[in-house]
Amino acid sequence: MGTIGKSIIRKEALDKVKGKSKYTGDDQSAMLHAKMLISPYAHAKIKHIDTSKARNTPGVRAILTGDPLPLTGEEIRDRPPIAYDKVRYYGEVVAVVVADNPMLAKNAANLIRVTYEPLPVVNSSTQAYEKNAPLVHENLDSYQHLKEAFPEKDTNIANRTKIRKGNITLGWNKSDVVVEASFSFSPSDHAAMETRCVIAEIRQDETIVITSSSQAPFIIKKLMHDYFAVDVGKVIVNTPFVGGGFGGKDSVQLELIAYLASKAVDGRKVKILNSREEDLITSPVHIGLDATIKLGCTKDGKLQAAEILYLFDGGAYSDSAVSISRAAGANCTGPYQIDNIWCDSLCMYTNHPYAAPFRGYGHSEAMFVFERTMDILAKKSKIDPLQLRLLNAIVPGDTTPTQVLVNKSNIGNLPECIHRLKTIMNWDEGQIVKISDTKVRTKGICCMWKNSVIPSDGGSGVILTFNPDGSINIISGVVEIGTGTKTVLTQMLADKMKIDINQIYVQMEVNTQSTPEHWKTVASRGAFMAGRALLSAADDAIRQLKDLTACILRCSKEDLEIGFGRVFLRDNPNIGLDIKDIAFGYKYPNGNVIGGQIIGRGNYIQRHISYLNPETGAGKLGPEWGVAAQGVEVEFDAMDYTYKIIKAFTVIDIGKVLNEKAALGQVMGGMSMGLSFAARETFVFDELGRVSNPQLRTYRSLRFGEHPKYAVEFVETPFQEGPYGARGVGEHGLIGMPAALANSLSIAAGVELNQLPLIPELIWKMKEGSVNGSF
């Protein structure tokens, strides 16, 4: 029906623009409300908690503290749902009050008195790495963990990923030009429009019903079973529309507290809604990083060696940070062929809020480090930075840092992306153009790649049910978080069944009891995995329709085709049956009926995904790499070190465009987030590890009117495993923006800018030599 590639309006668009869409926080039914008391210290022993005044407050139904509760965490069980014994970050939950309304609960929480004994604070991942650093977790070796996690006893190292490819000594011997640099940025936030919200109740039959603004409803179900030993079939998780997640709503935190709160009040429905400040500092955040890198090439620019140390600031608890640091290590060098690589990517415990996935999952952080160093290497080698990247671009026949052989299908066409970027940026006019005595315009570029990392057993299922009029319902566990994935699924089905897209309906809400499982709505895997599952379900439905029609028409099913609401003979389309007449079985003139409702089912799980070798890093974490070339043009004023971002560019190999405007929106949205992360967003920690800017008036993201012009183009090299050849695209626009902006401003200011965010004060300090470059 020609729907693939078209800019089809999203299925949920009308309800959203009319304000009819329902989110978790919109539930105003009768329920109790919980509010959290959070720690004013980043690291301290809890000596005593006095709840007497709070308990005597009218309307208070229960007060929860942390002892005894099971330890939680996706890879390492190191986190109590509510702190006990000690607190490990500013904002950690210390107690929870359940009351008749939010105001009563908050007032009562403020009456709880906690006696703390402050402890030394680990305020950066570099400090955490020092030999005699205070330990965030003294009993690290006692924690239960997955076999792919490697915590190191008596240290702050939650995990170490080793990448050892080739012979690093040989690489340095072959290098004529060598550069070294250090980089740093603090944790920041996802700043989704909707703050996190959870509602939990325990019914009389002991069924636990959780409604959550989550990207991972099926993981909530699984972890509730793992942590609290409840029957997995007794846990039902509902997820309506989610008002933005960007990875932050992947982590399971408030769901556990809401369940415990409901349990404390005999199963009554309890709601927890984060304030903006709680969402910024209490719930998981965007990971920080300190890094050092050494890079070498021949005199003509061919990369020979890369030696990298990534120290990721995982915060007080490991949770997703272990996997994030692993993904960054596995893809540490970006989309380039390098024969000799030595990389240690460490997940460090600090006394900062703990980390959740963030759009790009370790790749934007790693690419900032590597792509800045590529520009430094280009400058020292006196090679055009775009030409240096083109010379080393990974191509079919090369191998990744984890020693995976790439081909045209799984790596795409980075050289073409670079050539197209050169054209749309008008690169040949020069990287720097003088505007006035104090102002210049400069261009910075970078390349990026993204390998979507999920567990080898993470799958997706789709069910198709037919209606009596021949229309079709799609039921998928993908969470609609603003990506428009479920609309893309309708496009795929419309093309596969050759049916009008208006005859396809999609269930937006997720209910884990009635919806087939989709592992998580993360990692740019929604359209890829659910798309493959949907096509499998469509094949199943088509087989059923053909089998039934072949019986009725007394012909071979191989002679039948499906489309336009009918099943018909290939060589004589006039002979056939309308799908509406067989979708619920076929009735003969005498009243006999054969068949029944057509229900198609399909599932998909990635193939040949493996663990990494713990000593070499060899292995395959994801099926394909999305590649892109990106650029940023800025106008810089040397008088006061201010700048304006004029244009931002992305050329990405998308494999196949499924919905053009949706794809453009995803890429541009990612570019906007990347620029905001690079230019503005950061937590400011004081010497005691406290966040000094926990509100949006002081935690500043790009505002309306501050955005540049966005230019996006697509290269299409089909990924054979993807639906219609498509690759993931949801995260990719963000990944290179921090590096491209820093590269552009480094040229403008005439100083290497290796720290984020790139605020005028930082540029001034670097220019004046007032900042220690070691960070």
# chains A, B, ... in the order shown; residues from 1 in each chain; ligands from 1
call {"tool": "residues_around", "arguments": {"residues": "Ser701 in chain A", "least_positions_apart": "6", "cutoff": "7 Å", "atoms": "only C-alpha atoms", "output": "MDAnalysis selection string"}}
result
chainID A and resid 676 680:681
call {"tool": "write_last_selection", "arguments": {"atoms": "N, CA and C atoms", "output": "compact mmCIF listing (two decimals), in the first residue's frame"}}
result
# COMPACT_ATOMS: atom_id res chain seq x y z
N SER A 676 22.32 20.20 24.27
CA SER A 676 21.98 20.68 25.61
C SER A 676 22.90 20.06 26.66
N ARG A 680 25.11 22.97 28.31
CA ARG A 680 24.47 23.53 29.49
C ARG A 680 24.39 22.59 30.68
N GLU A 681 24.01 21.33 30.42
CA GLU A 681 23.48 20.50 31.49
C GLU A 681 24.57 19.83 32.32
call {"tool": "residues_around", "arguments": {"residues": "range 265-269 of chain A", "least_positions_apart": "6", "cutoff": "6 Å", "atoms": "only C-alpha atoms", "output": "list of chain:residue names"}}
result
A:Met31, A:Ala200, A:Glu201, A:Ile202
call {"tool": "residues_around", "arguments": {"residues": "Gly619 in chain A", "least_positions_apart": "4", "cutoff": "6 Å", "atoms": "only C-alpha atoms", "output": "list in words"}}
result
Thr402, Ser610, Tyr611 and Leu612 of chain A
call {"tool": "closest_atom_pairs", "arguments": {"of": "range 34-87 of chain A", "to": "range 279-302 of chain A", "cutoff": "10 Å", "atoms": "only C-alpha atoms", "output": "JSON lines"}}
result
{"residue": "A:Met36", "atom": "CA", "partner": "A:Thr282", "partner_atom": "CA", "distance": 9.4}
{"residue": "A:Ile38", "atom": "CA", "partner": "A:Thr282", "partner_atom": "CA", "distance": 7.5}
{"residue": "A:Ser39", "atom": "CA", "partner": "A:Thr282", "partner_atom": "CA", "distance": 9.2}
call {"tool": "write_last_selection", "arguments": {"atoms": "C-alpha atoms", "output": "JSON list (two decimals), in the first residue's frame"}}
result
[["chain", "number", "residue", "atom", "x", "y", "z"],
["A", 36, "MET", "CA", 9.86, 10.30, 50.73],
["A", 38, "ILE", "CA", 15.67, 12.06, 51.52],
["A", 39, "SER", "CA", 19.19, 12.34, 52.83]]
call {"tool": "closest_atom_pairs", "arguments": {"of": "range 652-720 of chain A", "to": "range 89-94 of chain A", "cutoff": "10 Å", "atoms": "only C-alpha atoms", "output": "tab-separated table"}}
result
residue	atom	partner	partner_atom	distance
A:Phe685	CA	A:Tyr90	CA	9.8
A:Leu688	CA	A:Tyr90	CA	9.0
A:Gly689	CA	A:Tyr90	CA	6.8
A:Arg690	CA	A:Tyr90	CA	5.5
A:Val691	CA	A:Tyr90	CA	7.2
A:Pro694	CA	A:Gly91	CA	10.0
call {"tool": "closest_residue", "arguments": {"among": "A:Gly722, A:Pro623, A:Gly750, A:Gly526", "to": "Phe636 in chain A", "atoms": "only C-alpha atoms"}}
result
A:Gly750
call {"tool": "select_by_dssp", "arguments": {"residues": "range 465-587 of chain A", "states": "helix (DSSP H, G or I)", "output": "number ranges by chain"}}
result
A: 485-497, 501-503, 526-553, 557-559, 579-581
call {"tool": "residues_around", "arguments": {"residues": "Ser251 in chain A", "least_positions_apart": "2", "cutoff": "9 Å", "atoms": "only C-alpha atoms", "output": "short mmCIF file (atom, residue, chain, number, x, y, z; two decimals) with N, CA, C and O atoms, in the first residue's frame"}}
result
data_model
loop_
_atom_site.label_atom_id
_atom_site.label_comp_id
_atom_site.auth_asym_id
_atom_site.auth_seq_id
_atom_site.Cartn_x
_atom_site.Cartn_y
_atom_site.Cartn_z
N GLU A 74 20.22 -4.53 39.10
CA GLU A 74 20.03 -5.41 37.95
C GLU A 74 21.22 -6.35 37.72
O GLU A 74 21.03 -7.49 37.31
N SER A 214 7.01 3.81 33.04
CA SER A 214 8.23 3.02 32.93
C SER A 214 8.51 2.64 31.49
O SER A 214 7.59 2.46 30.69
N GLN A 215 9.78 2.49 31.18
CA GLN A 215 10.19 1.95 29.89
C GLN A 215 10.36 0.44 29.96
O GLN A 215 10.69 -0.18 28.95
N ALA A 216 10.15 -0.15 31.14
CA ALA A 216 10.47 -1.57 31.31
C ALA A 216 9.45 -2.29 32.17
O ALA A 216 9.78 -2.87 33.22
N ILE A 220 9.99 -4.85 35.58
CA ILE A 220 9.40 -4.65 36.90
C ILE A 220 8.79 -5.95 37.39
O ILE A 220 9.00 -6.38 38.54
N GLY A 247 15.77 6.82 28.72
CA GLY A 247 16.55 5.86 29.48
C GLY A 247 16.33 5.97 30.98
O GLY A 247 16.50 5.01 31.71
N GLY A 248 15.95 7.14 31.46
CA GLY A 248 15.80 7.34 32.89
C GLY A 248 14.69 6.53 33.51
O GLY A 248 14.72 6.23 34.71
N LYS A 249 13.69 6.17 32.71
CA LYS A 249 12.57 5.39 33.23
C LYS A 249 12.73 3.90 32.93
O LYS A 249 11.78 3.14 33.00
N GLN A 253 12.89 1.66 40.54
CA GLN A 253 13.16 2.25 41.85
C GLN A 253 11.87 2.52 42.61
O GLN A 253 11.57 1.86 43.61
N SER A 283 15.94 10.04 42.07
CA SER A 283 15.88 8.95 41.09
C SER A 283 17.14 8.94 40.23
O SER A 283 17.89 9.92 40.20
N PRO A 284 17.39 7.84 39.52
CA PRO A 284 18.65 7.68 38.78
C PRO A 284 18.88 8.78 37.74
O PRO A 284 17.94 9.33 37.16
N ASP A 319 23.59 -0.57 39.59
CA ASP A 319 22.39 -0.68 38.76
C ASP A 319 22.72 -0.83 37.28
O ASP A 319 23.36 -1.81 36.88
N SER A 320 22.37 0.15 36.43
CA SER A 320 22.64 0.05 34.99
C SER A 320 24.04 0.51 34.61
O SER A 320 24.47 0.30 33.47
N ALA A 355 23.36 5.95 38.49
CA ALA A 355 23.11 6.21 37.07
C ALA A 355 22.07 5.27 36.48
O ALA A 355 22.02 4.08 36.80
N ALA A 356 21.28 5.83 35.59
CA ALA A 356 20.37 5.08 34.73
C ALA A 356 20.89 5.16 33.30
O ALA A 356 21.77 5.97 32.99
N PRO A 357 20.38 4.33 32.41
CA PRO A 357 20.70 4.53 30.99
C PRO A 357 20.32 5.94 30.55
O PRO A 357 19.38 6.54 31.07
#
call {"tool": "residues_around", "arguments": {"residues": "Asp27 in chain A", "least_positions_apart": "6", "cutoff": "12 Å", "atoms": "only C-alpha atoms", "output": "PyMOL selection string"}}
result
chain A and resi 21+197-200+211-213+240+269-273
call {"tool": "atom_distance", "arguments": {"atom1": "CA of Asn502 in chain A", "atom2": "CA of Lys11 in chain A"}}
result
9.3 Å
call {"tool": "closest_residue", "arguments": {"among": "A:Tyr336, A:Phe358, A:Phe568, A:Tyr641", "to": "Val751 in chain A", "atoms": "only C-alpha atoms"}}
result
A:Tyr641
call {"tool": "closest_residue", "arguments": {"among": "A:Phe528, A:His190, A:Trp449, A:Leu260", "to": "Gly674 in chain A", "atoms": "only C-alpha atoms"}}
result
A:His190
call {"tool": "atom_distance", "arguments": {"atom1": "CA of Trp342 in chain A", "atom2": "CA of Lys162 in chain A"}}
result
7.7 Å
call {"tool": "residues_around", "arguments": {"residues": "Asp547 in chain A", "least_positions_apart": "2", "cutoff": "10 Å", "atoms": "only C-alpha atoms", "output": "list of chain:residue names"}}
result
A:Ala541, A:Ile542, A:Arg543, A:Gln544, A:Leu545, A:Thr549, A:Ala550, A:Cys551, A:Ile552, A:Cys555, A:Ser556, A:Lys557, A:Glu558, A:Leu560, A:Gly595
call {"tool": "write_last_selection", "arguments": {"atoms": "N, CA and C atoms", "output": "tab-separated table (two decimals), in the first residue's frame"}}
result
chain	number	residue	atom	x	y	z
A	541	ALA	N	-0.53	-15.14	10.52
A	541	ALA	CA	-1.92	-14.85	10.15
A	541	ALA	C	-2.17	-15.15	8.68
A	542	ILE	N	-1.22	-14.80	7.84
A	542	ILE	CA	-1.36	-15.07	6.40
A	542	ILE	C	-1.46	-16.57	6.15
A	543	ARG	N	-0.65	-17.36	6.85
A	543	ARG	CA	-0.72	-18.81	6.69
A	543	ARG	C	-2.11	-19.33	7.07
A	544	GLN	N	-2.66	-18.83	8.18
A	544	GLN	CA	-4.00	-19.26	8.60
A	544	GLN	C	-5.06	-18.88	7.57
A	545	LEU	N	-4.97	-17.65	7.08
A	545	LEU	CA	-5.95	-17.20	6.08
A	545	LEU	C	-5.86	-18.02	4.81
A	549	THR	N	-8.77	-20.47	3.31
A	549	THR	CA	-9.28	-20.16	1.96
A	549	THR	C	-9.04	-21.32	1.00
A	550	ALA	N	-7.88	-21.97	1.11
A	550	ALA	CA	-7.59	-23.11	0.23
A	550	ALA	C	-8.60	-24.21	0.44
A	551	CYS	N	-9.00	-24.42	1.68
A	551	CYS	CA	-10.01	-25.45	1.97
A	551	CYS	C	-11.36	-25.08	1.36
A	552	ILE	N	-11.72	-23.80	1.50
A	552	ILE	CA	-13.03	-23.35	1.00
A	552	ILE	C	-13.08	-23.36	-0.52
A	555	CYS	N	-8.37	-25.34	-3.45
A	555	CYS	CA	-7.18	-25.05	-4.26
A	555	CYS	C	-5.95	-25.17	-3.37
A	556	SER	N	-4.79	-25.06	-3.96
A	556	SER	CA	-3.55	-25.08	-3.19
A	556	SER	C	-3.31	-23.72	-2.56
A	557	LYS	N	-2.86	-23.75	-1.33
A	557	LYS	CA	-2.59	-22.47	-0.66
A	557	LYS	C	-1.46	-21.72	-1.34
A	558	GLU	N	-0.58	-22.44	-2.04
A	558	GLU	CA	0.51	-21.79	-2.78
A	558	GLU	C	0.00	-20.95	-3.94
A	560	LEU	N	-2.47	-18.86	-3.71
A	560	LEU	CA	-3.24	-17.74	-3.16
A	560	LEU	C	-2.35	-16.55	-2.82
A	595	GLY	N	-13.14	-23.10	10.74
A	595	GLY	CA	-12.21	-22.04	11.13
A	595	GLY	C	-12.65	-21.36	12.42
call {"tool": "atom_distance", "arguments": {"atom1": "CA of Thr373 in chain A", "atom2": "CA of Glu180 in chain A"}}
result
7.7 Å
call {"tool": "decode", "arguments": {"residues": "range 310-330 of chain A", "atoms": "C-alpha atoms", "output": "mmCIF file, in the first residue's frame"}}
result
data_model
loop_
_atom_site.group_PDB
_atom_site.id
_atom_site.type_symbol
_atom_site.label_atom_id
_atom_site.label_comp_id
_atom_site.auth_asym_id
_atom_site.auth_seq_id
_atom_site.Cartn_x
_atom_site.Cartn_y
_atom_site.Cartn_z
ATOM 1 C CA TYR A 310 37.277 5.258 31.111
ATOM 2 C CA LEU A 311 36.262 5.946 34.723
ATOM 3 C CA PHE A 312 32.471 6.101 34.688
ATOM 4 C CA ASP A 313 30.757 7.789 37.616
ATOM 5 C CA GLY A 314 28.158 5.126 38.359
ATOM 6 C CA GLY A 315 27.157 6.838 41.578
ATOM 7 C CA ALA A 316 26.298 5.183 44.864
ATOM 8 C CA TYR A 317 24.861 1.996 43.342
ATOM 9 C CA SER A 318 25.840 0.072 40.239
ATOM 10 C CA ASP A 319 22.387 -0.678 38.762
ATOM 11 C CA SER A 320 22.643 0.047 34.993
ATOM 12 C CA ALA A 321 26.045 1.732 35.196
ATOM 13 C CA VAL A 322 27.838 -1.618 34.922
ATOM 14 C CA SER A 323 26.241 -2.309 31.554
ATOM 15 C CA ILE A 324 26.694 1.293 30.378
ATOM 16 C CA SER A 325 30.424 1.164 31.064
ATOM 17 C CA ARG A 326 30.609 -2.217 29.311
ATOM 18 C CA ALA A 327 28.880 -0.858 26.194
ATOM 19 C CA ALA A 328 31.228 2.137 26.120
ATOM 20 C CA GLY A 329 34.265 -0.099 26.450
ATOM 21 C CA ALA A 330 33.116 -2.454 23.724
#
